[in-house]
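J.: For reference, this is data-v2.txt, and it has compact mmCIF, C-alpha atoms.
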# COMPACT_ATOMS: atom_id res chain seq x y z
CA MET C 1 0.00 0.00 0.00
CA LYS C 2 2.80 2.34 0.99
CA LYS C 3 4.52 1.58 -2.24
CA ILE C 4 1.46 2.51 -4.27
CA LEU C 5 1.15 5.77 -2.39
CA SER C 6 4.74 6.68 -3.06
CA TYR C 7 4.27 5.90 -6.75
CA LEU C 8 1.23 8.14 -6.80
CA TYR C 9 3.22 10.83 -5.09
CA ALA C 10 5.98 10.60 -7.63
CA ALA C 11 3.46 10.74 -10.45
CA CYS C 12 1.90 13.87 -9.00
CA LEU C 13 5.29 15.52 -8.76
CA ALA C 14 6.03 14.63 -12.35
CA VAL C 15 2.74 16.16 -13.52
CA LEU C 16 3.47 19.30 -11.56
CA ALA C 17 6.94 19.59 -13.00
CA VAL C 18 5.62 19.25 -16.54
CA SER C 19 2.90 21.85 -16.02
CA CYS C 20 5.47 24.26 -14.63
CA THR C 21 7.76 24.03 -17.60
CA GLN C 22 4.93 24.81 -19.99
CA GLU C 23 5.76 28.30 -21.17
CA LYS C 24 3.31 31.15 -20.83
CA LYS C 25 2.34 32.93 -24.01
CA LEU C 26 1.04 36.45 -24.39
CA PRO C 27 -2.21 36.97 -26.29
CA ILE C 28 -2.25 38.63 -29.69
CA TYR C 29 -4.58 41.61 -29.85
CA GLY C 30 -6.53 43.28 -32.64
CA ASP C 31 -8.83 42.09 -35.43
CA ARG C 32 -7.73 39.05 -37.34
CA GLU C 33 -8.66 37.48 -40.64
CA ALA C 34 -8.54 33.97 -41.93
CA LYS C 35 -6.78 33.56 -45.23
CA ILE C 36 -7.20 30.42 -47.23
CA THR C 37 -4.26 29.35 -49.31
CA LYS C 38 -3.51 26.26 -51.35
CA ASP C 39 -0.28 24.39 -51.08
CA ALA C 40 1.52 22.71 -53.95
CA ASN C 41 -0.72 19.62 -53.77
CA GLY C 42 -3.87 21.67 -53.94
CA ASN C 43 -4.77 21.14 -50.29
CA GLU C 44 -6.46 24.10 -48.66
CA LYS C 45 -4.71 25.66 -45.71
CA ILE C 46 -6.00 28.33 -43.39
CA ASP C 47 -3.64 31.09 -42.25
CA THR C 48 -4.49 33.64 -39.61
CA ILE C 49 -3.63 37.20 -40.56
CA TYR C 50 -3.09 39.26 -37.43
CA LYS C 51 -3.42 42.98 -37.11
CA THR C 52 -0.05 44.70 -37.39
CA ILE C 53 1.22 48.24 -36.93
CA PRO C 54 1.46 49.73 -40.43
CA ASN C 55 4.59 51.46 -41.64
CA PHE C 56 5.20 55.01 -40.47
CA LYS C 57 7.60 57.86 -41.06
CA PHE C 58 8.38 60.32 -38.26
CA LEU C 59 11.15 62.68 -37.22
CA ASN C 60 12.98 61.64 -34.07
CA GLN C 61 14.66 63.78 -31.41
CA ASP C 62 17.72 64.13 -33.65
CA SER C 63 15.57 65.31 -36.58
CA ILE C 64 16.30 62.06 -38.37
CA GLU C 65 13.50 60.37 -40.23
CA ILE C 66 12.71 56.98 -38.76
CA THR C 67 10.45 54.20 -40.04
CA GLN C 68 9.61 50.71 -38.95
CA ASP C 69 13.04 49.61 -40.10
CA THR C 70 14.39 51.10 -36.87
CA PHE C 71 12.31 48.55 -34.97
CA LYS C 72 13.00 45.58 -37.22
CA ASP C 73 13.39 42.32 -35.28
CA LYS C 74 12.90 44.14 -31.98
CA ILE C 75 10.13 44.21 -29.49
CA TYR C 76 9.19 47.69 -28.36
CA VAL C 77 7.01 49.64 -25.98
CA ALA C 78 5.06 52.54 -27.51
CA ASP C 79 3.22 55.40 -25.88
CA PHE C 80 1.67 58.80 -26.62
CA PHE C 81 2.52 61.90 -24.60
CA PHE C 82 3.56 65.54 -24.89
CA THR C 83 6.37 67.41 -23.19
CA SER C 84 4.32 70.14 -21.52
CA CYS C 85 1.91 67.61 -20.03
CA SER C 86 1.82 68.00 -16.28
CA THR C 87 -0.79 65.38 -15.47
CA ILE C 88 -0.19 61.73 -16.38
CA CYS C 89 2.91 62.00 -18.59
CA PRO C 90 5.51 62.51 -15.85
CA ILE C 91 4.32 59.42 -14.01
CA MET C 92 4.09 57.42 -17.25
CA HIS C 93 7.63 58.28 -18.16
CA ARG C 94 8.89 57.76 -14.62
CA ASN C 95 7.47 54.24 -14.84
CA MET C 96 8.66 53.70 -18.40
CA LYS C 97 12.12 54.71 -17.27
CA THR C 98 12.17 51.82 -14.80
CA LEU C 99 11.59 49.51 -17.81
CA PHE C 100 14.31 51.31 -19.71
CA ASP C 101 16.70 50.86 -16.80
CA ALA C 102 15.76 47.19 -16.50
CA TYR C 103 16.37 46.48 -20.21
CA LYS C 104 19.12 49.00 -20.86
CA ASP C 105 21.56 47.89 -23.54
CA ASN C 106 19.34 44.97 -24.48
CA ASN C 107 19.55 45.07 -28.26
CA ASP C 108 16.21 43.34 -28.71
CA ILE C 109 14.22 46.01 -26.91
CA MET C 110 13.33 49.58 -27.81
CA PHE C 111 11.03 52.35 -26.64
CA LEU C 112 8.97 54.68 -28.82
CA SER C 113 7.26 57.79 -27.49
CA HIS C 114 5.05 59.77 -29.88
CA THR C 115 4.23 63.37 -29.08
CA ILE C 116 0.65 64.44 -29.73
CA ASP C 117 1.57 68.12 -29.44
CA PHE C 118 2.32 68.65 -33.12
CA LYS C 119 2.48 72.44 -32.66
CA TYR C 120 5.12 72.77 -29.98
CA ASP C 121 6.99 69.48 -29.58
CA LYS C 122 9.34 69.80 -32.54
CA PRO C 123 12.42 67.49 -32.55
CA SER C 124 14.56 70.05 -30.72
CA VAL C 125 12.01 70.18 -27.90
CA LEU C 126 11.89 66.39 -27.77
CA LYS C 127 15.68 66.29 -27.65
CA LYS C 128 15.78 68.53 -24.61
CA TYR C 129 13.04 66.54 -22.95
CA ALA C 130 14.89 63.25 -23.54
CA GLN C 131 18.08 64.74 -22.15
CA LYS C 132 16.33 66.02 -19.06
CA LEU C 133 14.62 62.71 -18.49
CA GLY C 134 18.08 61.19 -18.79
CA VAL C 135 17.26 58.81 -21.65
CA ASP C 136 18.65 60.48 -24.76
CA VAL C 137 19.93 57.32 -26.46
CA PRO C 138 18.91 55.53 -29.67
CA GLN C 139 17.19 52.81 -27.65
CA TRP C 140 14.43 55.27 -26.72
CA GLN C 141 13.04 57.15 -29.72
CA PHE C 142 10.95 60.28 -29.27
CA VAL C 143 9.09 61.13 -32.44
CA TRP C 144 7.18 64.00 -33.96
CA GLY C 145 4.78 63.80 -36.91
CA ASP C 146 1.78 65.44 -38.51
CA LYS C 147 -1.36 65.50 -36.44
CA LYS C 148 -3.20 63.27 -38.88
CA ASP C 149 -0.48 60.64 -39.04
CA VAL C 150 0.13 60.44 -35.30
CA TYR C 151 -3.51 60.59 -34.23
CA THR C 152 -4.62 58.00 -36.79
CA LEU C 153 -1.82 55.66 -35.80
CA ALA C 154 -2.73 56.09 -32.12
CA GLU C 155 -6.42 55.45 -32.47
CA LYS C 156 -6.60 52.96 -35.33
CA ASP C 157 -3.46 50.96 -34.77
CA TYR C 158 -2.14 51.24 -31.23
CA LEU C 159 -5.72 51.63 -29.96
CA VAL C 160 -4.87 54.58 -27.70
CA ALA C 161 -7.32 57.49 -27.55
CA VAL C 162 -5.76 60.93 -28.11
CA GLN C 163 -7.27 64.32 -28.88
CA GLU C 164 -6.81 68.06 -28.77
CA ASP C 165 -9.00 69.61 -26.12
CA ASN C 166 -8.87 73.28 -25.26
CA ALA C 167 -10.76 72.65 -22.04
CA ALA C 168 -8.10 70.28 -20.71
CA THR C 169 -5.37 71.51 -18.36
CA ASP C 170 -2.59 71.41 -20.93
CA GLY C 171 -4.60 71.48 -24.17
CA TYR C 172 -4.59 67.76 -24.96
CA VAL C 173 -6.10 64.63 -23.50
CA HIS C 174 -4.87 61.12 -24.05
CA GLN C 175 -4.75 57.70 -22.48
CA GLY C 176 -1.72 56.47 -20.64
CA TRP C 177 -1.33 53.02 -22.20
CA LEU C 178 2.08 51.51 -22.71
CA VAL C 179 1.63 49.21 -25.71
CA LEU C 180 3.83 46.16 -26.15
CA ILE C 181 4.66 45.29 -29.78
CA ASP C 182 6.36 42.07 -30.84
CA LYS C 183 8.89 41.35 -33.57
CA HIS C 184 6.08 40.80 -36.05
CA LYS C 185 4.58 44.26 -35.34
CA ARG C 186 1.62 42.76 -33.48
CA ILE C 187 0.12 44.16 -30.28
CA ARG C 188 0.80 41.75 -27.42
CA GLY C 189 -0.33 43.83 -24.46
CA ALA C 190 -1.42 47.24 -23.20
CA TYR C 191 -0.65 48.40 -19.67
CA ASP C 192 -1.70 51.47 -17.70
CA GLY C 193 1.54 53.44 -17.54
CA THR C 194 0.39 55.39 -14.50
CA LYS C 195 0.18 52.30 -12.28
CA PRO C 196 3.47 50.84 -11.00
CA GLU C 197 1.94 47.37 -10.59
CA GLU C 198 0.83 47.30 -14.24
CA VAL C 199 4.25 48.44 -15.35
CA GLU C 200 5.78 45.68 -13.26
CA LYS C 201 3.55 43.22 -15.15
CA LEU C 202 4.72 44.74 -18.43
CA LYS C 203 8.33 44.23 -17.33
CA ASN C 204 7.61 40.52 -16.80
CA ASP C 205 5.67 40.21 -20.04
CA MET C 206 8.58 41.73 -21.94
CA GLY C 207 10.69 38.90 -20.60
CA ILE C 208 8.11 36.35 -21.73
CA LEU C 209 7.93 37.94 -25.17
CA LEU C 210 11.71 37.97 -25.48
CA ALA C 211 11.81 34.25 -24.78
CA GLU C 212 9.19 33.54 -27.45
CA LYS C 213 10.50 31.76 -30.50
CA MET D 1 11.15 45.42 57.13
CA LYS D 2 9.37 48.64 57.99
CA GLY D 3 12.03 50.77 56.32
CA LYS D 4 11.70 48.78 53.19
CA ASN D 5 7.94 49.35 53.15
CA ILE D 6 8.29 53.12 53.44
CA GLY D 7 10.82 53.10 50.69
CA PHE D 8 8.43 51.22 48.49
CA ARG D 9 5.57 53.62 49.26
CA LYS D 10 7.82 56.57 48.56
CA ALA D 11 8.71 55.11 45.24
CA ILE D 12 5.04 54.77 44.33
CA VAL D 13 4.25 58.33 45.37
CA TYR D 14 7.19 59.72 43.47
CA SER D 15 6.43 57.78 40.37
CA LEU D 16 2.78 58.89 40.47
CA PHE D 17 3.92 62.47 40.89
CA ILE D 18 6.38 62.33 38.04
CA GLY D 19 3.84 60.46 35.95
CA SER D 20 1.19 63.15 36.42
CA ILE D 21 3.67 65.91 35.49
CA ALA D 22 4.61 63.99 32.39
CA MET D 23 0.93 63.56 31.49
CA ALA D 24 0.23 67.27 32.00
CA PHE D 25 3.22 68.09 29.82
CA HIS D 26 2.08 65.60 27.22
CA ALA D 27 -1.47 67.06 27.18
CA CYS D 28 -0.06 70.55 26.61
CA GLN D 29 1.91 69.31 23.64
CA SER D 30 -0.82 67.29 22.07
CA ALA D 31 -3.09 70.15 20.96
CA GLY D 32 -0.28 71.32 18.72
CA GLU D 33 0.71 67.79 17.83
CA ILE D 34 -2.84 66.87 16.80
CA GLU D 35 -3.03 69.94 14.60
CA MET D 36 0.30 69.02 13.06
CA ALA D 37 -0.81 65.42 12.51
CA LYS D 38 -3.95 66.71 10.80
CA TYR D 39 -1.89 68.91 8.49
CA MET D 40 0.45 66.02 7.76
CA SER D 41 -2.25 63.56 6.82
CA ASN D 42 -4.25 66.00 4.67
CA GLY D 43 -1.01 67.24 3.18
CA LYS D 44 -0.05 63.69 2.25
CA ASP D 45 -3.35 63.17 0.41
CA LEU D 46 -2.91 66.43 -1.47
CA TYR D 47 0.69 65.59 -2.28
CA GLN D 48 -0.27 62.22 -3.72
CA ALA D 49 -3.04 63.73 -5.80
CA ARG D 50 -1.32 66.84 -7.10
CA CYS D 51 2.45 66.72 -6.68
CA GLN D 52 3.59 63.12 -6.75
CA ASN D 53 3.32 62.60 -10.52
CA CYS D 54 6.26 64.97 -11.06
CA HIS D 55 8.08 65.08 -7.73
CA GLY D 56 7.80 61.38 -7.00
CA LYS D 57 6.64 59.17 -4.17
CA ASP D 58 9.76 59.86 -2.14
CA GLY D 59 10.23 63.45 -3.30
CA GLU D 60 13.02 62.29 -5.58
CA GLY D 61 11.98 64.48 -8.54
CA LEU D 62 12.13 63.37 -12.18
CA GLY D 63 15.45 63.69 -13.99
CA GLU D 64 16.08 67.34 -14.74
CA LEU D 65 12.40 67.88 -15.48
CA ALA D 66 11.22 68.19 -11.88
CA PRO D 67 13.46 69.01 -8.91
CA PRO D 68 13.61 66.77 -5.85
CA LEU D 69 12.07 67.97 -2.59
CA THR D 70 14.91 66.66 -0.48
CA ASP D 71 17.01 69.84 -0.44
CA THR D 72 16.29 70.94 3.11
CA ILE D 73 18.42 74.06 2.84
CA PHE D 74 16.58 75.20 -0.28
CA LEU D 75 13.22 74.59 1.36
CA LYS D 76 14.26 76.42 4.49
CA SER D 77 15.74 79.46 2.78
CA ASN D 78 12.81 79.72 0.37
CA LYS D 79 10.14 78.90 2.91
CA THR D 80 8.17 82.13 2.41
CA LYS D 81 8.18 81.58 -1.38
CA LEU D 82 6.88 78.00 -1.33
CA ALA D 83 3.24 79.10 -1.18
CA CYS D 84 3.80 81.36 -4.23
CA PHE D 85 5.48 78.50 -6.14
CA ILE D 86 2.48 76.27 -5.56
CA LYS D 87 -0.29 78.81 -6.10
CA ASN D 88 1.20 80.63 -9.10
CA GLY D 89 3.53 78.07 -10.61
CA VAL D 90 7.19 78.65 -11.41
CA ASN D 91 8.62 79.96 -14.64
CA GLU D 92 12.18 80.75 -13.73
CA PRO D 93 15.26 78.62 -13.22
CA MET D 94 15.98 77.46 -9.70
CA GLN D 95 18.93 75.73 -8.15
CA VAL D 96 18.12 72.69 -6.06
CA ASN D 97 20.72 70.27 -4.65
CA GLY D 98 23.31 72.13 -6.69
CA LYS D 99 21.55 71.52 -10.01
CA ILE D 100 19.69 74.04 -12.15
CA TYR D 101 16.09 73.20 -13.05
CA GLN D 102 14.48 75.20 -15.83
CA GLU D 103 11.18 73.52 -16.57
CA LYS D 104 7.93 75.29 -15.80
CA MET D 105 5.92 74.22 -12.82
CA PRO D 106 2.16 74.50 -13.32
CA ALA D 107 0.08 76.79 -11.08
CA PHE D 108 -2.37 75.24 -8.65
CA LYS D 109 -4.87 78.09 -8.51
CA ASP D 110 -7.63 75.95 -7.09
CA LEU D 111 -5.78 75.16 -3.86
CA HIS D 112 -6.93 77.17 -0.84
CA ASP D 113 -4.57 78.60 1.76
CA ILE D 114 -5.27 75.72 4.09
CA ASP D 115 -4.50 73.17 1.36
CA ILE D 116 -1.25 74.93 0.56
CA ALA D 117 -0.31 75.08 4.24
CA GLN D 118 -1.00 71.37 4.64
CA VAL D 119 0.98 70.33 1.60
CA ILE D 120 3.89 72.56 2.66
CA VAL D 121 3.86 71.04 6.14
CA TYR D 122 3.86 67.58 4.59
CA ILE D 123 6.75 68.33 2.22
CA THR D 124 8.87 70.17 4.77
CA ASN D 125 8.46 67.34 7.29
CA THR D 126 8.94 64.36 4.98
CA PHE D 127 11.69 63.26 2.55
CA GLY D 128 14.30 63.83 5.26
CA ASN D 129 13.02 67.33 6.10
CA LYS D 130 11.94 68.28 9.61
CA GLN D 131 10.87 71.89 9.73
CA GLY D 132 7.77 71.82 11.88
CA MET D 133 4.49 73.65 11.60
CA TYR D 134 3.42 76.18 8.99
CA THR D 135 -0.08 77.60 9.28
CA TYR D 136 -2.62 78.81 6.73
CA GLU D 137 -2.30 82.31 8.18
CA GLN D 138 1.36 82.26 7.20
CA VAL D 139 0.35 81.12 3.72
CA ALA D 140 -2.08 84.05 3.38
CA ASN D 141 0.68 86.39 4.46
CA ASP D 142 3.28 84.89 2.09
CA LEU D 143 0.89 84.99 -0.85
CA LYS D 144 0.51 88.75 -0.41
CA ASN D 145 4.22 89.12 -1.01
CA CYS D 146 4.51 86.98 -4.17
CA ARG D 147 6.32 88.61 -7.05
CA LYS D 148 3.78 89.13 -9.75
Show me the file's structure as structure tokens.

T.:
Amino acid sequence: MKKILSYLYAACLAVLAVSCTQEKKLPIYGDREAKITKDANGNEKIDTIYKTIPNFKFLNQDSIEITQDTFKDKIYVADFFFTSCSTICPIMHRNMKTLFDAYKDNNDIMFLSHTIDFKYDKPSVLKKYAQKLGVDVPQWQFVWGDKKDVYTLAEKDYLVAVQEDNAATDGYVHQGWLVLIDKHKRIRGAYDGTKPEEVEKLKNDMGILLAEK
Amino acid sequence: MKGKNIGFRKAIVYSLFIGSIAMAFHACQSAGEIEMAKYMSNGKDLYQARCQNCHGKDGEGLGELAPPLTDTIFLKSNKTKLACFIKNGVNEPMQVNGKIYQEKMPAFKDLHDIDIAQVIVYITNTFGNKQGMYTYEQVANDLKNCRK
């Protein structure tokens, strides 16, 4: 009887060990389509087409034009802010900086902050802001673009609400999401950048995403 | 045996006496202490709601964008200006902990004198500062002397 019990015990342990090693995977967000293709033998195959971030062209803090090529084969964290924002942006960037510090010099990870203040936040202003935040390095890109381009990208692609609002404290309102993008330009998570515990979760999820094959 | 007893009684009497003096002393202090505690706890709430996003949970500031609130000497020597900084914002460079900060600080026009007093008491008695009480009457007085 004792022997049977010990076998059972061992079996349980084995099951546990297996379930622990099963890797966690992040969800893939956004609309998706099914695409039916035929292989060489004429058999039908269904592919899932995920939503991806479309190509873009913005000026960064060094007035250099950047596109998605800058983020090729990297995972990155994107957000929308403006430099004269005195409400949620300082806390978002304080939290984002902890991620930056955690993954500093990791070549697979980048950060991308878009300004929504197309009138004032020209590259030179972004440059100063980046310097004062203490993150003026290529790993963290601050970008400026036309209102239409930035706002469309925010709302349609990164799914972050942004708008000009003269009634708001600093003239703009926006959401504080930090959006996690994978190497295939797909959204893998969105985290409230004003909450340290959500940012902590993002830090972990970045690790999970890095380990993904 | 008797001597011992008297000694014991004496000890009780003395300790009661000293105890009651201490209590009287303590009661005198507590009116002020309670007021201070009230300022501190309201000030903390205000700080978390209005100041912490830039100046940080521990008053550490944010890079060169927002100065830390840990420079006790700065706070002390600018004590009468703190209310003006909060109420009217700041649009001039200031040197804190030996570094120059040039970013604008927004004005908090909606804060009343009492709110400003409470948040100043909180800041000047936290983050390694210990500068005691600062009343709303002092705030009203300091605000009169703000540079326009």

J.: If you count all atoms listed in the file, which residues fall within 7 Å of segment 25-31 of chain C, apart from same-chain ones fewer than 4 positions away, as a ChimeraX atom specification?

T.: /C:50-51,186-188

J.: Dump as a CSV table (one decimal) with C-alpha atoms, in the frame of the given file the residues of chain D that approach chain C to within 9 Å, counting all atoms listed in the file.

T.:
chain,number,residue,atom,x,y,z
D,50,ARG,CA,-1.3,66.8,-7.1
D,52,GLN,CA,3.6,63.1,-6.8
D,53,ASN,CA,3.3,62.6,-10.5
D,54,CYS,CA,6.3,65.0,-11.1
D,55,HIS,CA,8.1,65.1,-7.7
D,56,GLY,CA,7.8,61.4,-7.0
D,62,LEU,CA,12.1,63.4,-12.2
D,63,GLY,CA,15.4,63.7,-14.0
D,64,GLU,CA,16.1,67.3,-14.7
D,65,LEU,CA,12.4,67.9,-15.5
D,66,ALA,CA,11.2,68.2,-11.9
D,104,LYS,CA,7.9,75.3,-15.8
D,105,MET,CA,5.9,74.2,-12.8
D,106,PRO,CA,2.2,74.5,-13.3

J.: Write out as a list in words each polymer residue whose atoms come within 9 Å of segment 108-112 of chain D, counting only C-alpha atoms; drop sequence neighbours fewer than 6 positions from it.

T.: Arg50, Phe85, Ile86, Lys87, Asn88, Gly89 and Tyr136 of chain D

J.: How big is the axis-aligned box around the listed atoms of segment 36-55 of chain D once 6 Å is added on each side, and where is its centre? Give both in Å to one decimal, as lines of an AutoDock Vina configuration file.

T.:
center_x = 1.9
center_y = 65.6
center_z = 1.0
size_x = 24.3
size_y = 18.8
size_z = 36.1

J.: How would you write as a ChimeraX atom specification the residues that get within 10 Å of (2.9, 53.9, -40.6) in the file's frame, counting all atoms listed in the file?

T.: /C:53-58,67-68,149-150,152-153,157

J.: What's around Gly43 of chain D at 9 Å? Count only C-alpha atoms, leave out sequence neighbours fewer than 5 positions away in its own chain, and write the answer as a ChimeraX atom specification.

T.: /D:38,48,115-123

J.: Using atom CA of Phe82 of chain C and atom CA of His184 of chain C as the two end points, give the distance in Å to one decimal.

T.: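 Taking atom CA of Phe82 of chain C as the start and atom CA of His184 of chain C as the end point, the length is 27.3 Å.
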
J.: If I take atom CA of Thr126 of chain D and atom CA of Gly61 of chain D, how far is one from the other in Å, to one decimal?

T.: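 According to the coordinates, atom CA of Thr126 of chain D and atom CA of Gly61 of chain D are separated by 13.9 Å.
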
J.: Taking into account all atoms listed in the file, which residue in the set C:Leu159, C:Met206, C:Leu59, C:Ala78 is nearest to Val125 of chain C?

T.: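 Selected residue with least distance to Val125 of chain C: C:Leu59.
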
J.: In the coordinate frame of the file, compute which residues have an atom within 12 Å of (3.3, 78.9, 7.0) when using all atoms listed in the file, and state them as a ChimeraX atom specification.

T.: /D:36,39,76,78-84,113-122,124,131-143

J.: For a test of reading the model, state the distance in Å between atom CA of Ala37 of chain D and atom CA of Phe17 of chain D, rounded to one decimal.

T.: 28.9 Å

J.: For Asp192 of chain C, which of C:Asn95, C:Asn107, C:Thr52, C:Ser6 is the closest residue, counting all atoms listed in the file?

T.: C:Asn95

J.: Do you know which residues are at most 8 Å from Gln102 of chain D counting only C-alpha atoms, after dropping those on the same chain fewer than 4 positions away, and could you put them as a PyMOL selection string?

T.: chain D and resi 65+91-94

J.: Go ahead and dump the residues you just picked, C-alpha atoms, as a short mmCIF file (atom, residue, chain, number, x, y, z; two decimals), in the coordinates of the input.

T.:
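File written: result.cif
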data_model
loop_
_atom_site.label_atom_id
_atom_site.label_comp_id
_atom_site.auth_asym_id
_atom_site.auth_seq_id
_atom_site.Cartn_x
_atom_site.Cartn_y
_atom_site.Cartn_z
CA LEU D 65 12.40 67.88 -15.48
CA ASN D 91 8.62 79.96 -14.64
CA GLU D 92 12.18 80.75 -13.73
CA PRO D 93 15.26 78.62 -13.22
CA MET D 94 15.98 77.46 -9.70
#

J.: Near Leu126 of chain C, counting all atoms listed in the file, which residues have an atom at most 7 Å away, once you skip same-chain residues fewer than 4 positions from it, shown as a list in words?

T.: Gln61, Asp121, Lys122, Ala130 and Phe142 of chain C

J.: Save segment 22-33 of chain C to a file: C-alpha atoms, as a PDB file, in the first residue's frame.

T.:
ATOM      1  CA  GLN C  22       4.929  24.807 -19.988  1.00  0.00           C
ATOM      2  CA  GLU C  23       5.760  28.302 -21.167  1.00  0.00           C
ATOM      3  CA  LYS C  24       3.308  31.150 -20.829  1.00  0.00           C
ATOM      4  CA  LYS C  25       2.337  32.928 -24.013  1.00  0.00           C
ATOM      5  CA  LEU C  26       1.041  36.446 -24.393  1.00  0.00           C
ATOM      6  CA  PRO C  27      -2.209  36.973 -26.288  1.00  0.00           C
ATOM      7  CA  ILE C  28      -2.254  38.633 -29.693  1.00  0.00           C
ATOM      8  CA  TYR C  29      -4.577  41.614 -29.850  1.00  0.00           C
ATOM      9  CA  GLY C  30      -6.532  43.276 -32.645  1.00  0.00           C
ATOM     10  CA  ASP C  31      -8.825  42.085 -35.426  1.00  0.00           C
ATOM     11  CA  ARG C  32      -7.729  39.054 -37.341  1.00  0.00           C
ATOM     12  CA  GLU C  33      -8.662  37.482 -40.644  1.00  0.00           C
TER      13      GLU C  33
END
